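These notes concern the structure reproduced below.
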Amino acid sequence: MKSGWRVGLGLGLGSVALLGLVACSEGTANKTPKPVAEVVRTVSVAQVELRPMGGVQQASGLLVAREEIAIGPELGGYRVAALLADEGDTVRAGQPLARLDDGLLQAKIAQAQASLVQARAQAKQAQAESARVEGLDGQGVLSDEQIQQRRTAAASANANADVAAANLAGLRVEAERMVLRAPVAGVVLQRNVRRGDVASPGGEAMFRLARDGMVELAAEVPEDQVDRIQPGNKVAVTLASGVELEGQVRLLSRRVDDKTKLAQVRVVLPVRADLRPGGFAQARFAQAAAPVAAVPEKAIHFEAGGPQLATIDADSRIRKLPVSLGARAQGWVALRDGPPVGTRLALGGGAFVLEGDRVQVSTTAKPAAEPNAQPPAKAADSAAAAGGQP
């Protein structure tokens, strides 16, 4: 009797416990957890705008003579007898630079003069003999063959005299070229000859001359920057000594070096004694202001892959976009490659947002929120969902 009562009591208690578990399960199943609210950050916004940007392009290069003239001998086999100019000398057009030993040439000239006198005498005699047979054709005094021989001899003697005169004139021209002269006014940059050297046409130039002493800068500019420079633009040039000069763009090269991808820009400089070809100088090209797509400097975020912009799409979500930057001026940066004009950009807090984050626009600039911080309203909602008190 007691055993049956105990069994019945146990079954009753088990049923009650089972009903309690089922009730708890139904209560738990009916209680759906609240979804976590999406964090919306508040950011200040700017746009990509068209703004006139006048940048400064820097470049470097070497000083070169605007026109370098090589001067060498036209005659070979003669020794250098005298040097009349040295490196650094300022010379005028036609001024003697060096003189060759013309002793042998003067002997040839004397011989040619004697040959000319002899040829003219022979020509005079032959001409006289030819004159004596004038009017004797067909008279029987002399044969026609003899008459023709005298006339031919006279013509040949005159030709020989002309050859002798031409030979003498050629030697006199050579005598004039025994003196090396400056073809233009300028400054002697280099002298590669010594007294006693033997002249050799076609060899190394004896003198190198900078015409009118003009030295200019051959600046090397990246190929993507050449079109922003125009002939006539003013250029600030700084020499290696620190001296600053004002130059002007003379010409832009039509060729880009296939290895360095640099193009040459020639800058005219004032004539000065401290400008030495081969020296180093830096140039700053002031570019004309032109409307370009630009963004505020605060909108640029530098990541591992380079500069980026945090753009805001039509759904108010962040889209990160890599950009290529250009000139900077007055807090703005020109875009060489980037989003179109009118694109919205996140400013304040833009560095803390991620790709796809939703944002709301603030009409006033506010400091960026911390990455793990939550707005007070959202924090209160989360606390209430967890059963806590706000």
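Ligands are numbered from 1 in the order shown, chains are lettered A, B, ... in the order of the structure tokens, and residues start at 1 in each chain.
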Within 9 Å of Gln106 in chain A using only C-alpha atoms, minus same-chain residues under 5 positions, as a CSV table (one decimal) with C-alpha atoms, in the first residue's frame:
chain,number,residue,atom,x,y,z
A,111,GLN,CA,107.0,78.8,-105.3
A,171,LEU,CA,97.6,78.7,-100.9
A,172,ARG,CA,96.9,82.2,-99.7
A,175,ALA,CA,97.6,80.9,-95.1
Can you list, as a list of chain:residue names, every residue of range 88-200 of chain A that DSSP puts in strand (DSSP E or B)?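 Checking each residue of range 88-200 of chain A, the strand (DSSP E or B) ones are A:Thr90, A:Val91, A:Pro96, A:Leu97, A:Ala98, A:Arg99, A:Leu100, A:Val179, A:Leu180, A:Arg181, A:Gly186, A:Val187, A:Val188, A:Leu189, A:Gln190, A:Arg191, A:Val198.
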So that I can check the surroundings of Gly356 in chain A, please list as an mmCIF file with C-alpha atoms, in the first residue's frame every protein, DNA and RNA residue that reaches within 9 Å of it, counting only C-alpha atoms and ignoring chain neighbours fewer than 2 positions away.
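Wrote part.cif, looks like this:
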data_model
loop_
_atom_site.group_PDB
_atom_site.id
_atom_site.type_symbol
_atom_site.label_atom_id
_atom_site.label_comp_id
_atom_site.auth_asym_id
_atom_site.auth_seq_id
_atom_site.Cartn_x
_atom_site.Cartn_y
_atom_site.Cartn_z
ATOM 1 C CA ARG A 317 26.730 54.726 -46.948
ATOM 2 C CA ILE A 318 30.497 55.085 -47.025
ATOM 3 C CA ARG A 319 32.434 54.030 -50.107
ATOM 4 C CA LYS A 320 36.241 54.223 -49.884
ATOM 5 C CA VAL A 353 34.188 54.919 -40.734
ATOM 6 C CA LEU A 354 34.426 51.664 -42.647
ATOM 7 C CA ARG A 358 25.758 54.312 -42.735
#
Write out as a PyMOL selection string each polymer residue whose atoms come within 12 Å of Val187 in chain A, counting only C-alpha atoms; drop sequence neighbours fewer than 5 positions from it. chain A and resi 65-69+85-93+95+97+182+207-215+271-273+275-277
Separation of CA of Pro73 in chain A and CA of Ala199 in chain A, in Å?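 Result for CA of Pro73 in chain A versus CA of Ala199 in chain A: 6.2 Å, one decimal.
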Pick out the closest residue to Val237 in chain A from this set: A:Ala114, A:Met53, A:Ala59, A:Val193. Count only C-alpha atoms.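 Of A:Ala114, A:Met53, A:Ala59, A:Val193, the one nearest Val237 in chain A is A:Ala59, counting only C-alpha atoms.
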Could you find all residues in range 226-380 of chain A that DSSP calls alpha helix (DSSP H) from the backbone, and write them as a list in words?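 DSSP on the backbone gives alpha helix (DSSP H) at Pro376, Ala377, Lys378, Ala379 and Ala380 of chain A.
The gap separating CA of Ser130 in chain A from CA of Ala154 in chain A is 6.3 Å, in Å to one decimal.
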I'd like the interatomic distance between CA of Lys261 in chain A and CA of Glu244 in chain A, to a tenth of an Å.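 It comes out at 27.5 Å.
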Sorted by chain and rising residue number, list the residues of range 314-335 of chain A at most 6 Å from range 295-303 of chain A (counting only C-alpha atoms), each with its closest atom pair and distance in Å to one decimal, as CSV.
residue,atom,partner,partner_atom,distance
A:Gly331,CA,A:Glu297,CA,5.6
A:Trp332,CA,A:Pro296,CA,4.5
A:Val333,CA,A:Val295,CA,5.5
Kindly export the residues of the current selection with N, CA and C atoms, as a compact mmCIF listing (two decimals), in the first residue's frame.
# COMPACT_ATOMS: atom_id res chain seq x y z
N GLY A 331 44.62 75.05 -48.52
CA GLY A 331 43.84 74.02 -47.86
C GLY A 331 43.10 73.08 -48.79
N TRP A 332 43.31 73.19 -50.08
CA TRP A 332 42.65 72.32 -51.06
C TRP A 332 43.70 71.53 -51.84
N VAL A 333 43.30 70.37 -52.30
CA VAL A 333 44.20 69.48 -53.05
C VAL A 333 43.54 69.14 -54.38
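Here the question is which of A:Arg151, A:Arg99, A:Pro307, A:Val341 gets nearest to Arg195 in chain A using only C-alpha atoms, and that residue is A:Arg99.
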Using only C-alpha atoms, can you tell me which of A:Gln282, A:Asn192, A:Gln146, A:Ser241 comes closest to Ala98 in chain A?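 Ranked by minimum distance to Ala98 in chain A, first place goes to A:Asn192.
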